[in-house]
$ cat start.cif   # mmCIF, C-alpha atoms
data_upload
loop_
_atom_site.group_PDB
_atom_site.id
_atom_site.type_symbol
_atom_site.label_atom_id
_atom_site.label_comp_id
_atom_site.auth_asym_id
_atom_site.auth_seq_id
_atom_site.Cartn_x
_atom_site.Cartn_y
_atom_site.Cartn_z
ATOM 1 C CA MET X 1 -8.175 -8.355 13.685
ATOM 2 C CA CYS X 2 -9.242 -9.637 10.281
ATOM 3 C CA LEU X 3 -6.224 -8.118 8.535
ATOM 4 C CA TYR X 4 -3.852 -10.520 10.251
ATOM 5 C CA LEU X 5 -5.157 -14.014 9.591
ATOM 6 C CA ASP X 6 -2.671 -16.885 9.494
ATOM 7 C CA GLU X 7 -4.045 -17.874 6.078
ATOM 8 C CA PHE X 8 -2.412 -14.744 4.608
ATOM 9 C CA GLN X 9 1.093 -15.819 5.628
ATOM 10 C CA MET X 10 3.106 -17.064 2.663
ATOM 11 C CA GLN X 11 6.135 -19.349 2.507
ATOM 12 C CA GLY X 12 9.517 -18.241 1.282
ATOM 13 C CA GLY X 13 12.445 -16.126 2.233
ATOM 14 C CA GLY X 14 14.526 -13.315 0.926
ATOM 15 C CA LEU X 15 14.487 -9.549 1.132
ATOM 16 C CA ILE X 16 11.862 -6.945 0.383
ATOM 17 C CA ASP X 17 13.847 -3.730 0.182
ATOM 18 C CA PHE X 18 11.894 -0.494 0.556
ATOM 19 C CA ALA X 19 14.966 1.498 1.653
ATOM 20 C CA GLY X 20 15.677 4.514 -0.506
ATOM 21 C CA LEU X 21 12.418 4.196 -2.441
ATOM 22 C CA THR X 22 9.934 7.037 -2.751
ATOM 23 C CA ASP X 23 6.563 6.529 -1.101
ATOM 24 C CA LEU X 24 5.077 5.802 -4.530
ATOM 25 C CA GLN X 25 7.713 3.164 -5.288
ATOM 26 C CA GLN X 26 7.152 1.636 -1.834
ATOM 27 C CA TYR X 27 3.394 1.519 -2.481
ATOM 28 C CA GLU X 28 3.869 -0.191 -5.859
ATOM 29 C CA ALA X 29 6.306 -2.742 -4.407
ATOM 30 C CA ALA X 30 4.123 -3.421 -1.372
ATOM 31 C CA MET X 31 1.077 -4.100 -3.538
ATOM 32 C CA LYS X 32 3.074 -6.804 -5.360
ATOM 33 C CA HIS X 33 4.078 -8.506 -2.086
ATOM 34 C CA LEU X 34 0.620 -8.827 -0.548
ATOM 35 C CA ASN X 35 -0.894 -12.288 -0.396
ATOM 36 C CA PRO X 36 -3.161 -12.590 -3.471
ATOM 37 C CA GLU X 37 -5.920 -14.018 -1.246
ATOM 38 C CA ARG X 38 -6.325 -10.594 0.373
ATOM 39 C CA ALA X 39 -8.140 -9.471 -2.786
ATOM 40 C CA SER X 40 -10.939 -11.877 -1.846
ATOM 41 C CA GLN X 41 -11.290 -10.621 1.723
ATOM 42 C CA TRP X 42 -13.488 -7.534 2.242
ATOM 43 C CA TRP X 43 -11.644 -6.088 5.245
ATOM 44 C CA SER X 44 -8.299 -6.181 3.418
ATOM 45 C CA TRP X 45 -9.886 -4.623 0.323
ATOM 46 C CA PHE X 46 -11.398 -1.871 2.476
ATOM 47 C CA ARG X 47 -8.102 -1.018 4.224
ATOM 48 C CA ILE X 48 -6.015 -1.212 1.067
ATOM 49 C CA SER X 49 -8.536 1.044 -0.697
ATOM 50 C CA SER X 50 -8.040 3.553 2.113
ATOM 51 C CA VAL X 51 -4.264 3.428 1.636
ATOM 52 C CA THR X 52 -4.787 3.918 -2.105
ATOM 53 C CA TYR X 53 -6.980 6.949 -1.405
ATOM 54 C CA SER X 54 -4.369 8.481 0.918
ATOM 55 C CA MET X 55 -1.690 7.964 -1.753
ATOM 56 C CA LEU X 56 -3.900 9.619 -4.384
ATOM 57 C CA ARG X 57 -4.434 12.591 -2.082
ATOM 58 C CA ARG X 58 -0.731 12.883 -1.404
ATOM 59 C CA HIS X 59 0.031 12.929 -5.139
ATOM 60 C CA GLN X 60 -2.911 15.105 -6.190
ATOM 61 C CA GLY X 61 -2.059 17.095 -9.294
ATOM 62 C CA ASN X 62 0.641 14.638 -10.407
ATOM 63 C CA GLU X 63 -1.250 12.675 -13.047
ATOM 64 C CA PRO X 64 1.587 10.220 -13.881
ATOM 65 C CA ALA X 65 1.899 9.342 -10.178
ATOM 66 C CA CYS X 66 -1.879 8.989 -9.833
ATOM 67 C CA ALA X 67 -1.980 6.703 -12.870
ATOM 68 C CA ARG X 68 0.706 4.509 -11.282
ATOM 69 C CA ILE X 69 -1.256 4.376 -8.011
ATOM 70 C CA TRP X 70 -4.454 3.363 -9.809
ATOM 71 C CA ASN X 71 -2.552 0.785 -11.867
ATOM 72 C CA ALA X 72 -1.003 -0.816 -8.774
ATOM 73 C CA HIS X 73 -4.339 -0.884 -6.939
ATOM 74 C CA LEU X 74 -6.332 -2.287 -9.859
ATOM 75 C CA SER X 75 -3.622 -4.860 -10.673
ATOM 76 C CA TRP X 76 -3.739 -6.089 -7.081
ATOM 77 C CA SER X 77 -7.534 -6.036 -6.852
ATOM 78 C CA SER X 78 -7.963 -7.823 -10.186
ATOM 79 C CA ARG X 79 -6.804 -10.986 -8.429
ATOM 80 C CA TYR X 80 -10.349 -11.188 -7.018
ATOM 81 C CA PRO X 81 -12.319 -13.642 -9.178
ATOM 82 C CA TYR X 82 -15.304 -11.267 -9.454
ATOM 83 C CA PHE X 83 -13.189 -8.135 -10.040
ATOM 84 C CA ASP X 84 -15.110 -5.058 -11.130
ATOM 85 C CA GLU X 85 -13.048 -1.967 -11.944
ATOM 86 C CA ALA X 86 -15.935 0.460 -11.375
ATOM 87 C CA GLU X 87 -16.638 -1.079 -7.960
ATOM 88 C CA ASN X 88 -12.976 -0.673 -7.015
ATOM 89 C CA VAL X 89 -12.897 2.968 -8.080
ATOM 90 C CA GLU X 90 -16.084 3.562 -6.101
ATOM 91 C CA MET X 91 -14.604 1.921 -2.978
ATOM 92 C CA VAL X 92 -11.459 4.071 -3.142
ATOM 93 C CA MET X 93 -13.390 7.274 -3.792
ATOM 94 C CA ARG X 94 -15.851 6.441 -1.002
ATOM 95 C CA CYS X 95 -12.945 7.142 1.351
ATOM 96 C CA GLU X 96 -13.357 10.840 0.542
ATOM 97 C CA ARG X 97 -16.788 10.838 2.201
ATOM 98 C CA SER X 98 -15.503 8.789 5.117
ATOM 99 C CA GLU X 99 -12.645 11.213 5.655
ATOM 100 C CA ALA X 100 -15.048 14.183 5.530
ATOM 101 C CA GLN X 101 -17.051 12.452 8.276
ATOM 102 C CA GLY X 102 -13.932 12.364 10.443
ATOM 103 C CA LYS X 103 -13.091 8.700 9.959
ATOM 104 C CA LYS X 104 -9.431 7.741 10.046
ATOM 105 C CA MET X 105 -7.703 6.825 6.805
ATOM 106 C CA SER X 106 -5.027 4.159 6.449
ATOM 107 C CA PHE X 107 -1.610 5.178 5.160
ATOM 108 C CA LEU X 108 1.449 3.488 3.680
ATOM 109 C CA PRO X 109 2.708 2.128 7.045
ATOM 110 C CA THR X 110 -0.477 0.012 7.308
ATOM 111 C CA LEU X 111 0.259 -1.508 3.903
ATOM 112 C CA ILE X 112 3.888 -2.228 4.834
ATOM 113 C CA LYS X 113 2.736 -3.832 8.086
ATOM 114 C CA MET X 114 0.477 -6.170 6.062
ATOM 115 C CA VAL X 115 3.415 -7.008 3.753
ATOM 116 C CA ARG X 116 5.544 -7.869 6.801
ATOM 117 C CA PHE X 117 2.787 -10.101 8.150
ATOM 118 C CA ASP X 118 2.145 -11.834 4.818
ATOM 119 C CA ASN X 119 5.865 -12.557 4.349
ATOM 120 C CA PRO X 120 7.158 -13.804 7.729
ATOM 121 C CA GLY X 121 10.171 -15.541 6.173
ATOM 122 C CA MET X 122 11.368 -12.415 4.386
ATOM 123 C CA GLN X 123 13.442 -9.564 5.729
ATOM 124 C CA VAL X 124 11.604 -6.285 5.099
ATOM 125 C CA ARG X 125 13.989 -3.351 5.065
ATOM 126 C CA GLU X 126 12.661 0.215 5.209
ATOM 127 C CA THR X 127 15.725 2.206 6.191
ATOM 128 C CA ALA X 128 19.099 2.638 4.548
ATOM 129 C CA TRP X 129 22.133 1.047 6.118
ATOM 130 C CA ARG X 130 24.733 3.475 7.388
ATOM 131 C CA TRP X 131 28.289 2.231 7.087
ATOM 132 C CA THR X 132 31.096 3.407 9.341
ATOM 133 C CA LEU X 133 34.767 2.508 9.187
ATOM 134 C CA ALA X 134 36.271 0.650 12.115
ATOM 135 C CA SER X 135 39.691 1.772 13.348
ATOM 136 C CA GLY X 136 41.380 -0.865 11.171
ATOM 137 C CA GLY X 137 39.860 0.549 7.982
ATOM 138 C CA ALA X 138 37.419 -2.320 7.486
ATOM 139 C CA PRO X 139 33.728 -1.480 7.285
ATOM 140 C CA ALA X 140 31.897 -1.849 10.578
ATOM 141 C CA ALA X 141 28.548 -3.597 10.775
ATOM 142 C CA PRO X 142 25.791 -1.585 9.135
ATOM 143 C CA ARG X 143 23.243 0.224 11.294
ATOM 144 C CA PRO X 144 19.844 1.278 10.052
ATOM 145 C CA GLU X 145 19.292 5.009 9.646
ATOM 146 C CA ALA X 146 16.597 6.601 11.733
ATOM 147 C CA PRO X 147 13.471 7.119 9.636
ATOM 148 C CA GLY X 148 12.793 10.735 8.830
ATOM 149 C CA GLY X 149 10.344 13.029 7.173
ATOM 150 C CA ALA X 150 6.987 11.960 8.540
ATOM 151 C CA GLY X 151 5.150 14.936 7.019
ATOM 152 C CA ARG X 152 2.161 14.078 4.849
ATOM 153 C CA PRO X 153 0.998 16.962 2.668
ATOM 154 C CA MET X 154 -2.601 16.311 1.760
ATOM 155 C CA ALA X 155 -4.759 17.719 -1.013
ATOM 156 C CA ASP X 156 -7.880 16.697 -2.903
ATOM 157 C CA GLY X 157 -7.768 13.295 -4.632
ATOM 158 C CA CYS X 158 -6.589 12.490 -8.131
ATOM 159 C CA ALA X 159 -8.877 11.801 -11.024
ATOM 160 C CA ALA X 160 -10.253 8.295 -11.233
ATOM 161 C CA PRO X 161 -8.937 6.115 -14.058
ATOM 162 C CA ALA X 162 -10.845 5.920 -17.292
ATOM 163 C CA GLY X 163 -13.370 3.123 -17.222
ATOM 164 C CA PRO X 164 -13.785 0.454 -19.905
ATOM 165 C CA SER X 165 -15.575 2.971 -22.152
ATOM 166 C CA GLY X 166 -12.674 5.435 -21.810
ATOM 167 C CA ALA X 167 -14.680 7.912 -19.694
ATOM 168 C CA ALA X 168 -13.476 8.821 -16.227
ATOM 169 C CA ALA X 169 -15.341 6.889 -13.544
ATOM 170 C CA ALA X 170 -17.655 8.851 -11.270
ATOM 171 C CA ALA X 171 -16.455 9.535 -7.752
#

$ encode --input "start.cif" --output "structure tokens"
Amino acid sequence: MCLYLDEFQMQGGGLIDFAGLTDLQQYEAAMKHLNPERASQWWSWFRISSVTYSMLRRHQGNEPACARIWNAHLSWSSRYPYFDEAENVEMVMRCERSEAQGKKMSFLPTLIKMVRFDNPGMQVRETAWRWTLASGGAPAAPRPEAPGGAGRPMADGCAAPAGPSGAAAAA
């Protein structure tokens, strides 16, 4: 699949820690850890725009959250040398029509999977560590918590960001 090309894998090590973050915080962090070259590849742009749309729907009515989602998406996408804000807004909002036609949308787990792929030398943690005490009183090895709360309340999308003229972009 075009999302998982070896050219997207970056060097380096460390930890990307999503544990304990809200979905919005995870989205913002994930957008910062994607290979910048993905902004130049159409298939990545298409999938990431779908994730952005699903996040906007999830946070519909929460304008500060929607502004953060748009900011993260446009900051990532602006890495494309021929970046056009209006084109990006149109691509995200086009997902509304696709969804109405019964097409599947991408969600946050798709974005996190891309981050894992792009950063093979980094540990990506999504769940909190649960500590238990061993019989001697010393902490036992941590175990990841089981992920919970898979519900995804959906509603209509958030308003598009204001364009360069200050007017909201058309959907």

$ resolve_selection --input "start.cif" --expression "the PyMOL selection byres ((chain X and resi 35) around 10)" --output "MDAnalysis selection string"
chainID X and resid 7:10 31:34 36:39 76 114:115 117:119

$ resolve_selection --input "start.cif" --expression "the PyMOL selection byres ((chain X and resi 106) around 10)" --output "short mmCIF file (atom, residue, chain, number, x, y, z; two decimals) with C-alpha atoms, in the frame of the given file"
data_model
loop_
_atom_site.label_atom_id
_atom_site.label_comp_id
_atom_site.auth_asym_id
_atom_site.auth_seq_id
_atom_site.Cartn_x
_atom_site.Cartn_y
_atom_site.Cartn_z
CA PHE X 46 -11.40 -1.87 2.48
CA ARG X 47 -8.10 -1.02 4.22
CA ILE X 48 -6.02 -1.21 1.07
CA SER X 49 -8.54 1.04 -0.70
CA SER X 50 -8.04 3.55 2.11
CA VAL X 51 -4.26 3.43 1.64
CA THR X 52 -4.79 3.92 -2.10
CA TYR X 53 -6.98 6.95 -1.40
CA SER X 54 -4.37 8.48 0.92
CA MET X 55 -1.69 7.96 -1.75
CA CYS X 95 -12.94 7.14 1.35
CA LYS X 103 -13.09 8.70 9.96
CA LYS X 104 -9.43 7.74 10.05
CA MET X 105 -7.70 6.82 6.80
CA PHE X 107 -1.61 5.18 5.16
CA LEU X 108 1.45 3.49 3.68
CA PRO X 109 2.71 2.13 7.04
CA THR X 110 -0.48 0.01 7.31
CA LEU X 111 0.26 -1.51 3.90
#

$ atom_distance --input "start.cif" --atom1 "CA of Pro161 in chain X" --atom2 "CA of Asn71 in chain X"
8.6 Å

$ residues_around --input "start.cif" --residues "Gly13 in chain X" --least-positions-apart "4" --cutoff "9 Å" --atoms "all atoms listed in the file" --output "PyMOL selection string"
chain X and resi 119-123

$ build_atoms --input "start.cif" --residues "range 7-18 of chain X" --atoms "all heavy atoms" --output "PDB file, keeping the file's coordinate frame"
ATOM      1  N   GLU X   7      -3.911 -17.425   7.474  1.00  0.00           N
ATOM      2  CA  GLU X   7      -4.045 -17.874   6.078  1.00  0.00           C
ATOM      3  C   GLU X   7      -3.384 -16.924   5.082  1.00  0.00           C
ATOM      4  O   GLU X   7      -3.132 -17.294   3.936  1.00  0.00           O
ATOM      5  CB  GLU X   7      -5.509 -18.071   5.723  1.00  0.00           C
ATOM      6  CG  GLU X   7      -6.315 -16.795   5.728  1.00  0.00           C
ATOM      7  CD  GLU X   7      -7.826 -17.025   5.747  1.00  0.00           C
ATOM      8  OE1 GLU X   7      -8.301 -17.768   6.610  1.00  0.00           O
ATOM      9  OE2 GLU X   7      -8.501 -16.457   4.876  1.00  0.00           O
ATOM     10  N   PHE X   8      -3.082 -15.700   5.502  1.00  0.00           N
ATOM     11  CA  PHE X   8      -2.412 -14.744   4.608  1.00  0.00           C
ATOM     12  C   PHE X   8      -0.894 -14.911   4.607  1.00  0.00           C
ATOM     13  O   PHE X   8      -0.212 -14.332   3.759  1.00  0.00           O
ATOM     14  CB  PHE X   8      -2.758 -13.303   4.983  1.00  0.00           C
ATOM     15  CG  PHE X   8      -4.192 -12.939   4.720  1.00  0.00           C
ATOM     16  CD1 PHE X   8      -4.884 -12.166   5.622  1.00  0.00           C
ATOM     17  CD2 PHE X   8      -4.849 -13.363   3.577  1.00  0.00           C
ATOM     18  CE1 PHE X   8      -6.208 -11.812   5.391  1.00  0.00           C
ATOM     19  CE2 PHE X   8      -6.172 -13.026   3.335  1.00  0.00           C
ATOM     20  CZ  PHE X   8      -6.850 -12.248   4.248  1.00  0.00           C
ATOM     21  N   GLN X   9      -0.360 -15.679   5.556  1.00  0.00           N
ATOM     22  CA  GLN X   9       1.093 -15.819   5.628  1.00  0.00           C
ATOM     23  C   GLN X   9       1.583 -16.780   4.558  1.00  0.00           C
ATOM     24  O   GLN X   9       1.095 -17.893   4.421  1.00  0.00           O
ATOM     25  CB  GLN X   9       1.514 -16.262   7.019  1.00  0.00           C
ATOM     26  CG  GLN X   9       1.212 -15.153   8.032  1.00  0.00           C
ATOM     27  CD  GLN X   9       1.875 -15.379   9.355  1.00  0.00           C
ATOM     28  OE1 GLN X   9       1.860 -16.472   9.884  1.00  0.00           O
ATOM     29  NE2 GLN X   9       2.467 -14.316   9.887  1.00  0.00           N
ATOM     30  N   MET X  10       2.565 -16.296   3.787  1.00  0.00           N
ATOM     31  CA  MET X  10       3.106 -17.064   2.663  1.00  0.00           C
ATOM     32  C   MET X  10       4.463 -17.647   3.032  1.00  0.00           C
ATOM     33  O   MET X  10       5.158 -17.142   3.909  1.00  0.00           O
ATOM     34  CB  MET X  10       3.240 -16.155   1.429  1.00  0.00           C
ATOM     35  CG  MET X  10       1.918 -15.571   0.967  1.00  0.00           C
ATOM     36  SD  MET X  10       2.033 -14.571  -0.537  1.00  0.00           S
ATOM     37  CE  MET X  10       2.899 -13.122   0.042  1.00  0.00           C
ATOM     38  N   GLN X  11       4.839 -18.703   2.337  1.00  0.00           N
ATOM     39  CA  GLN X  11       6.135 -19.349   2.507  1.00  0.00           C
ATOM     40  C   GLN X  11       7.194 -18.581   1.715  1.00  0.00           C
ATOM     41  O   GLN X  11       6.873 -17.838   0.804  1.00  0.00           O
ATOM     42  CB  GLN X  11       6.074 -20.789   2.005  1.00  0.00           C
ATOM     43  CG  GLN X  11       5.051 -21.642   2.721  1.00  0.00           C
ATOM     44  CD  GLN X  11       5.405 -21.843   4.188  1.00  0.00           C
ATOM     45  OE1 GLN X  11       6.560 -22.080   4.533  1.00  0.00           O
ATOM     46  NE2 GLN X  11       4.410 -21.734   5.043  1.00  0.00           N
ATOM     47  N   GLY X  12       8.428 -18.822   2.056  1.00  0.00           N
ATOM     48  CA  GLY X  12       9.517 -18.241   1.282  1.00  0.00           C
ATOM     49  C   GLY X  12      10.366 -17.312   2.115  1.00  0.00           C
ATOM     50  O   GLY X  12      10.002 -16.916   3.216  1.00  0.00           O
ATOM     51  N   GLY X  13      11.504 -17.004   1.558  1.00  0.00           N
ATOM     52  CA  GLY X  13      12.445 -16.126   2.233  1.00  0.00           C
ATOM     53  C   GLY X  13      13.022 -15.135   1.259  1.00  0.00           C
ATOM     54  O   GLY X  13      12.678 -15.126   0.083  1.00  0.00           O
ATOM     55  N   GLY X  14      13.881 -14.313   1.767  1.00  0.00           N
ATOM     56  CA  GLY X  14      14.526 -13.315   0.926  1.00  0.00           C
ATOM     57  C   GLY X  14      14.425 -11.945   1.539  1.00  0.00           C
ATOM     58  O   GLY X  14      14.291 -11.792   2.755  1.00  0.00           O
ATOM     59  N   LEU X  15      14.465 -10.943   0.695  1.00  0.00           N
ATOM     60  CA  LEU X  15      14.487  -9.549   1.132  1.00  0.00           C
ATOM     61  C   LEU X  15      13.490  -8.742   0.318  1.00  0.00           C
ATOM     62  O   LEU X  15      13.459  -8.841  -0.907  1.00  0.00           O
ATOM     63  CB  LEU X  15      15.895  -8.966   0.938  1.00  0.00           C
ATOM     64  CG  LEU X  15      16.073  -7.470   1.172  1.00  0.00           C
ATOM     65  CD1 LEU X  15      15.905  -7.124   2.651  1.00  0.00           C
ATOM     66  CD2 LEU X  15      17.441  -7.018   0.675  1.00  0.00           C
ATOM     67  N   ILE X  16      12.694  -7.970   1.016  1.00  0.00           N
ATOM     68  CA  ILE X  16      11.862  -6.945   0.383  1.00  0.00           C
ATOM     69  C   ILE X  16      12.492  -5.633   0.810  1.00  0.00           C
ATOM     70  O   ILE X  16      12.494  -5.291   1.991  1.00  0.00           O
ATOM     71  CB  ILE X  16      10.391  -7.026   0.836  1.00  0.00           C
ATOM     72  CG1 ILE X  16       9.803  -8.401   0.507  1.00  0.00           C
ATOM     73  CG2 ILE X  16       9.578  -5.910   0.171  1.00  0.00           C
ATOM     74  CD1 ILE X  16       8.430  -8.644   1.097  1.00  0.00           C
ATOM     75  N   ASP X  17      13.054  -4.920  -0.136  1.00  0.00           N
ATOM     76  CA  ASP X  17      13.847  -3.730   0.182  1.00  0.00           C
ATOM     77  C   ASP X  17      13.117  -2.455  -0.216  1.00  0.00           C
ATOM     78  O   ASP X  17      13.039  -2.117  -1.390  1.00  0.00           O
ATOM     79  CB  ASP X  17      15.197  -3.822  -0.532  1.00  0.00           C
ATOM     80  CG  ASP X  17      16.214  -2.831   0.000  1.00  0.00           C
ATOM     81  OD1 ASP X  17      15.853  -1.991   0.852  1.00  0.00           O
ATOM     82  OD2 ASP X  17      17.373  -2.903  -0.436  1.00  0.00           O
ATOM     83  N   PHE X  18      12.565  -1.773   0.772  1.00  0.00           N
ATOM     84  CA  PHE X  18      11.894  -0.494   0.556  1.00  0.00           C
ATOM     85  C   PHE X  18      12.835   0.684   0.777  1.00  0.00           C
ATOM     86  O   PHE X  18      12.471   1.827   0.510  1.00  0.00           O
ATOM     87  CB  PHE X  18      10.699  -0.348   1.510  1.00  0.00           C
ATOM     88  CG  PHE X  18       9.582  -1.322   1.268  1.00  0.00           C
ATOM     89  CD1 PHE X  18       9.226  -2.241   2.230  1.00  0.00           C
ATOM     90  CD2 PHE X  18       8.866  -1.309   0.082  1.00  0.00           C
ATOM     91  CE1 PHE X  18       8.181  -3.126   2.027  1.00  0.00           C
ATOM     92  CE2 PHE X  18       7.820  -2.198  -0.137  1.00  0.00           C
ATOM     93  CZ  PHE X  18       7.486  -3.108   0.843  1.00  0.00           C
TER      94      PHE X  18
END
